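Raw contents of run.cif, mmCIF, C-alpha atoms and all ligand atoms:
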data_query
loop_
_atom_site.group_PDB
_atom_site.id
_atom_site.type_symbol
_atom_site.label_atom_id
_atom_site.label_comp_id
_atom_site.auth_asym_id
_atom_site.auth_seq_id
_atom_site.Cartn_x
_atom_site.Cartn_y
_atom_site.Cartn_z
ATOM 1 C CA MET A 169 51.688 287.679 77.593
ATOM 2 C CA THR A 170 49.867 284.526 76.523
ATOM 3 C CA ARG A 171 48.580 284.491 73.001
ATOM 4 C CA ARG A 172 44.856 284.041 72.597
ATOM 5 C CA ILE A 173 44.362 281.165 70.199
ATOM 6 C CA ALA A 174 40.800 280.366 69.158
ATOM 7 C CA ILE A 175 39.243 277.573 67.158
ATOM 8 C CA TYR A 176 36.275 278.296 64.889
ATOM 9 C CA PRO A 177 34.826 274.843 64.133
ATOM 10 C CA GLY A 178 32.084 274.012 61.664
ATOM 11 C CA SER A 179 31.114 272.021 58.621
ATOM 12 C CA PHE A 180 31.390 275.012 56.265
ATOM 13 C CA ASP A 181 29.491 273.057 53.593
ATOM 14 C CA PRO A 182 30.059 275.508 51.929
ATOM 15 C CA VAL A 183 31.499 278.620 53.569
ATOM 16 C CA THR A 184 29.103 281.590 53.456
ATOM 17 C CA MET A 185 29.469 285.343 53.919
ATOM 18 C CA GLY A 186 28.019 284.782 57.404
ATOM 19 C CA HIS A 187 30.965 282.536 58.310
ATOM 20 C CA ILE A 188 33.464 285.010 56.850
ATOM 21 C CA ASP A 189 31.909 287.827 58.837
ATOM 22 C CA ILE A 190 32.428 285.789 62.040
ATOM 23 C CA MET A 191 36.074 285.034 61.075
ATOM 24 C CA LYS A 192 36.852 288.724 60.524
ATOM 25 C CA ARG A 193 35.232 289.771 63.775
ATOM 26 C CA ALA A 194 36.935 286.967 65.734
ATOM 27 C CA LEU A 195 40.297 288.197 64.422
ATOM 28 C CA GLY A 196 39.515 291.509 66.090
ATOM 29 C CA ILE A 197 39.399 289.734 69.445
ATOM 30 C CA VAL A 198 41.961 286.910 69.372
ATOM 31 C CA ASP A 199 45.624 286.700 68.361
ATOM 32 C CA GLN A 200 45.316 283.601 66.215
ATOM 33 C CA LEU A 201 42.277 281.972 64.645
ATOM 34 C CA ILE A 202 42.204 278.367 63.530
ATOM 35 C CA VAL A 203 39.230 277.595 61.324
ATOM 36 C CA ALA A 204 38.580 273.893 61.843
ATOM 37 C CA VAL A 205 36.605 272.212 59.099
ATOM 38 C CA ALA A 206 34.886 269.160 60.525
ATOM 39 C CA LYS A 207 34.898 266.130 58.250
ATOM 40 C CA SER A 208 31.226 265.645 59.298
ATOM 41 C CA LYS A 209 30.858 262.316 57.507
ATOM 42 C CA ASN A 210 27.598 261.674 59.393
ATOM 43 C CA LYS A 211 26.120 264.846 57.854
ATOM 44 C CA ASN A 212 26.799 263.540 54.361
ATOM 45 C CA PRO A 213 28.361 266.808 53.187
ATOM 46 C CA LEU A 214 27.942 268.079 49.626
ATOM 47 C CA PHE A 215 31.586 269.169 49.308
ATOM 48 C CA GLU A 216 34.621 267.038 50.171
ATOM 49 C CA CYS A 217 36.431 268.183 53.302
ATOM 50 C CA ASP A 218 39.544 269.276 51.355
ATOM 51 C CA THR A 219 37.359 271.302 49.002
ATOM 52 C CA ARG A 220 35.640 273.015 51.926
ATOM 53 C CA VAL A 221 39.087 273.964 53.294
ATOM 54 C CA THR A 222 40.241 275.291 49.909
ATOM 55 C CA LEU A 223 37.044 277.292 49.366
ATOM 56 C CA ILE A 224 37.621 279.122 52.657
ATOM 57 C CA GLN A 225 41.277 279.773 51.816
ATOM 58 C CA GLN A 226 40.313 281.170 48.417
ATOM 59 C CA ALA A 227 37.632 283.393 49.936
ATOM 60 C CA PHE A 228 39.504 284.982 52.824
ATOM 61 C CA GLN A 229 43.075 285.027 54.099
ATOM 62 C CA ASP A 230 44.780 286.627 57.059
ATOM 63 C CA ASP A 231 48.307 286.204 58.451
ATOM 64 C CA ARG A 232 46.783 285.312 61.820
ATOM 65 C CA MET A 233 44.370 282.723 60.487
ATOM 66 C CA LYS A 234 44.829 279.170 59.260
ATOM 67 C CA VAL A 235 42.307 276.682 57.924
ATOM 68 C CA VAL A 236 42.634 272.987 58.763
ATOM 69 C CA SER A 237 40.429 269.913 58.722
ATOM 70 C CA PHE A 238 39.684 267.888 61.815
ATOM 71 C CA ASP A 239 37.836 264.814 62.959
ATOM 72 C CA GLY A 240 36.821 263.545 66.368
ATOM 73 C CA LEU A 241 36.254 265.268 69.655
ATOM 74 C CA LEU A 242 36.392 269.073 69.442
ATOM 75 C CA VAL A 243 37.821 269.636 72.945
ATOM 76 C CA ARG A 244 40.680 267.253 72.159
ATOM 77 C CA PHE A 245 41.488 269.170 68.983
ATOM 78 C CA VAL A 246 41.301 272.469 70.892
ATOM 79 C CA ARG A 247 43.824 271.156 73.427
ATOM 80 C CA GLU A 248 46.138 269.792 70.720
ATOM 81 C CA GLN A 249 46.250 273.249 69.164
ATOM 82 C CA GLY A 250 47.136 274.896 72.479
ATOM 83 C CA ALA A 251 43.866 276.844 72.376
ATOM 84 C CA HIS A 252 41.234 277.553 75.025
ATOM 85 C CA ILE A 253 38.608 279.448 73.087
ATOM 86 C CA VAL A 254 35.947 278.076 70.747
ATOM 87 C CA ILE A 255 34.225 280.626 68.528
ATOM 88 C CA ARG A 256 30.663 279.991 67.376
ATOM 89 C CA GLY A 257 28.220 282.198 65.508
ATOM 90 C CA LEU A 258 24.672 282.685 66.720
ATOM 91 C CA ARG A 259 21.772 283.487 64.389
ATOM 92 C CA ALA A 260 18.484 284.814 65.761
ATOM 93 C CA VAL A 261 16.742 282.109 67.785
ATOM 94 C CA SER A 262 17.405 279.167 65.482
ATOM 95 C CA ASP A 263 20.914 278.338 66.729
ATOM 96 C CA PHE A 264 20.478 278.913 70.427
ATOM 97 C CA GLU A 265 19.376 275.563 71.828
ATOM 98 C CA HIS A 266 21.835 273.473 69.837
ATOM 99 C CA GLU A 267 24.741 275.850 70.481
ATOM 100 C CA PHE A 268 23.943 276.094 74.185
ATOM 101 C CA LYS A 269 23.906 272.286 74.560
ATOM 102 C CA MET A 270 27.209 271.925 72.739
ATOM 103 C CA ALA A 271 28.898 274.676 74.746
ATOM 104 C CA VAL A 272 27.747 273.094 78.022
ATOM 105 C CA ALA A 273 28.880 269.624 76.876
ATOM 106 C CA ASN A 274 32.285 270.892 75.786
ATOM 107 C CA GLY A 275 32.676 272.789 79.062
ATOM 108 C CA LYS A 276 31.951 269.579 80.955
ATOM 109 C CA LEU A 277 34.479 267.621 78.891
ATOM 110 C CA ASP A 278 37.147 270.252 79.458
ATOM 111 C CA LYS A 279 36.652 273.067 81.960
ATOM 112 C CA SER A 280 39.424 275.142 80.441
ATOM 113 C CA VAL A 281 37.577 275.472 77.123
ATOM 114 C CA GLU A 282 35.474 278.622 76.846
ATOM 115 C CA THR A 283 32.921 279.054 74.053
ATOM 116 C CA LEU A 284 32.649 282.592 72.760
ATOM 117 C CA PHE A 285 29.502 283.424 70.796
ATOM 118 C CA LEU A 286 29.467 286.164 68.228
ATOM 119 C CA MET A 287 26.040 287.285 67.114
ATOM 120 C CA ALA A 288 25.416 287.026 63.415
ATOM 121 C CA SER A 289 25.343 290.465 61.860
ATOM 122 C CA GLU A 290 21.963 291.738 60.745
ATOM 123 C CA SER A 291 22.666 291.178 57.078
ATOM 124 C CA HIS A 292 23.635 287.526 57.573
ATOM 125 C CA GLN A 293 20.957 286.427 60.057
ATOM 126 C CA PHE A 294 19.261 284.174 57.538
ATOM 127 C CA THR A 295 22.282 282.953 55.635
ATOM 128 C CA SER A 296 22.998 279.275 56.124
ATOM 129 C CA SER A 297 24.970 276.677 54.208
ATOM 130 C CA GLN A 298 21.829 274.581 53.977
ATOM 131 C CA ILE A 299 19.765 277.340 52.319
ATOM 132 C CA VAL A 300 22.634 278.061 49.944
ATOM 133 C CA ARG A 301 22.848 274.381 48.937
ATOM 134 C CA GLU A 302 19.109 274.268 48.330
ATOM 135 C CA ILE A 303 19.043 277.444 46.231
ATOM 136 C CA ALA A 304 22.020 276.289 44.163
ATOM 137 C CA SER A 305 20.574 272.827 43.585
ATOM 138 C CA LEU A 306 17.431 274.468 42.178
ATOM 139 C CA GLY A 307 19.503 276.631 39.846
ATOM 140 C CA GLY A 308 19.029 279.877 41.790
ATOM 141 C CA THR A 309 21.704 282.509 42.237
ATOM 142 C CA VAL A 310 23.686 282.370 45.464
ATOM 143 C CA GLU A 311 26.062 285.284 44.826
ATOM 144 C CA GLU A 312 24.550 287.377 47.575
ATOM 145 C CA PHE A 313 25.279 284.738 50.219
ATOM 146 C CA VAL A 314 28.637 283.202 49.362
ATOM 147 C CA PRO A 315 32.110 284.244 48.189
ATOM 148 C CA GLN A 316 33.033 284.000 44.516
ATOM 149 C CA SER A 317 35.038 280.799 45.110
ATOM 150 C CA VAL A 318 31.818 279.046 46.157
ATOM 151 C CA VAL A 319 29.783 280.441 43.254
ATOM 152 C CA LYS A 320 32.437 278.971 40.960
ATOM 153 C CA ALA A 321 32.402 275.617 42.816
ATOM 154 C CA PHE A 322 28.632 275.321 42.314
ATOM 155 C CA GLU A 323 29.040 276.185 38.625
ATOM 156 C CA ASP A 324 31.706 273.495 38.305
ATOM 157 C CA MET A 325 29.227 271.022 39.807
ATOM 158 C CA GLY A 326 26.739 271.910 37.122
ATOM 159 C CA HIS A 327 24.546 274.142 39.280
ATOM 160 C CA SER A 328 24.445 277.129 36.974
ATOM 161 C CA SER A 329 22.735 280.184 38.450
ATOM 162 C CA SER A 330 20.114 282.280 36.741
HETATM 163 P P1 LIG B 401 27.977 273.163 62.069
HETATM 164 O O1 LIG B 401 27.670 272.054 61.122
HETATM 165 O O2 LIG B 401 29.021 272.852 63.072
HETATM 166 O O3 LIG B 401 26.783 273.871 62.686
HETATM 167 P P2 LIG B 401 28.204 275.356 60.240
HETATM 168 O O4 LIG B 401 29.184 275.431 59.134
HETATM 169 O O5 LIG B 401 26.770 275.245 59.866
HETATM 170 O O6 LIG B 401 28.708 274.207 61.152
HETATM 171 O O7 LIG B 401 28.380 276.628 61.185
HETATM 172 C C1 LIG B 401 29.565 276.873 61.881
HETATM 173 C C2 LIG B 401 29.298 277.983 62.891
HETATM 174 O O8 LIG B 401 29.017 279.187 62.196
HETATM 175 C C3 LIG B 401 28.091 277.730 63.796
HETATM 176 O O9 LIG B 401 28.370 278.287 65.062
HETATM 177 C C4 LIG B 401 26.985 278.507 63.124
HETATM 178 O O10 LIG B 401 25.994 278.900 64.049
HETATM 179 C C5 LIG B 401 27.773 279.703 62.602
HETATM 180 N N1 LIG B 401 27.120 280.321 61.457
HETATM 181 C C6 LIG B 401 26.606 279.729 60.362
HETATM 182 N N2 LIG B 401 26.060 280.641 59.537
HETATM 183 C C7 LIG B 401 26.216 281.851 60.139
HETATM 184 C C8 LIG B 401 25.835 283.198 59.813
HETATM 185 N N3 LIG B 401 25.141 283.462 58.722
HETATM 186 N N4 LIG B 401 26.187 284.179 60.654
HETATM 187 C C9 LIG B 401 26.851 283.883 61.804
HETATM 188 N N5 LIG B 401 27.223 282.655 62.179
HETATM 189 C C10 LIG B 401 26.912 281.644 61.371
#

Would you give me this structure, written as structure tokens?
Amino acid sequence: MTRRIAIYPGSFDPVTMGHIDIMKRALGIVDQLIVAVAKSKNKNPLFECDTRVTLIQQAFQDDRMKVVSFDGLLVRFVREQGAHIVIRGLRAVSDFEHEFKMAVANGKLDKSVETLFLMASESHQFTSSQIVREIASLGGTVEEFVPQSVVKAFEDMGHSSS
């Protein structure tokens, strides 16, 4: 039987409990999950790409999951990894239009690539990396939204929570 290999791409700047929830649920569906951390230079990320990879690895590990960084066209990376499935998370209405456009574009670039959307769980509907960065930069506590590795990373940056 062919192994189902899926790519979960994103900026993960930083990883949140919402992302980890999607990783765990994806592992219930596929045989191998490759979390692909996009360098996203154009988004001017807060954390270096290597740090974003490490923060995920510190937060959650599974024998069937690996975390790598990538740059360039997603469908090319998917092909290089021998995968056909792209996992994306979908929160309420906010993500739909952007995610839909990307899935259609990727499908046009490579017909064999299928995007699989997992709905954000109720408790993580409003969790986003952007909100977490904002709260942390204002000195608020982010413990509810992110793993301990990320709380520590913010503290190391001088964003102490109250
Ligand atoms: P990108 O910059 O590619 O949008 P993100 O790191 O923001 O990367 O998100 C990666 C994927 O995870 C996207 O599909 C996004 O919709 C999804 N995601 C982000 N936060 C959550 C959450 N709280 N629950 C479920 N999915 C989420």

(request) Can you tell me which residues come within 6 Å of ligand LIG 401 (chain B) when counting all atoms listed in the file, ideally as a PyMOL selection string? (result) chain A and resi 178-180+186-187+190+256-259+263+288+292-293+295-296

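Interatomic distance, CA of Leu201 (chain A) against CA of Leu284 (chain A): 12.6 Å.
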
(message) I need the residue nearest Val243 (chain A) from this list: A:Lys209, A:Lys276, A:Arg171, A:Arg193. Use only C-alpha atoms for the distance.
(response) A:Lys276

(request) Report as a PyMOL selection string the residues that result from applying the PyMOL selection byres (((chain A and resi 204) around 8) and not hetatm) to the structure here. (result) chain A and resi 175-178+202-203+205-206+235-238

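The shortest atom-to-atom distance to Phe215 (chain A), with all atoms listed in the file taken into account, belongs to A:Pro182 out of A:Ile255, A:Pro182, A:Val198, A:Ser291.
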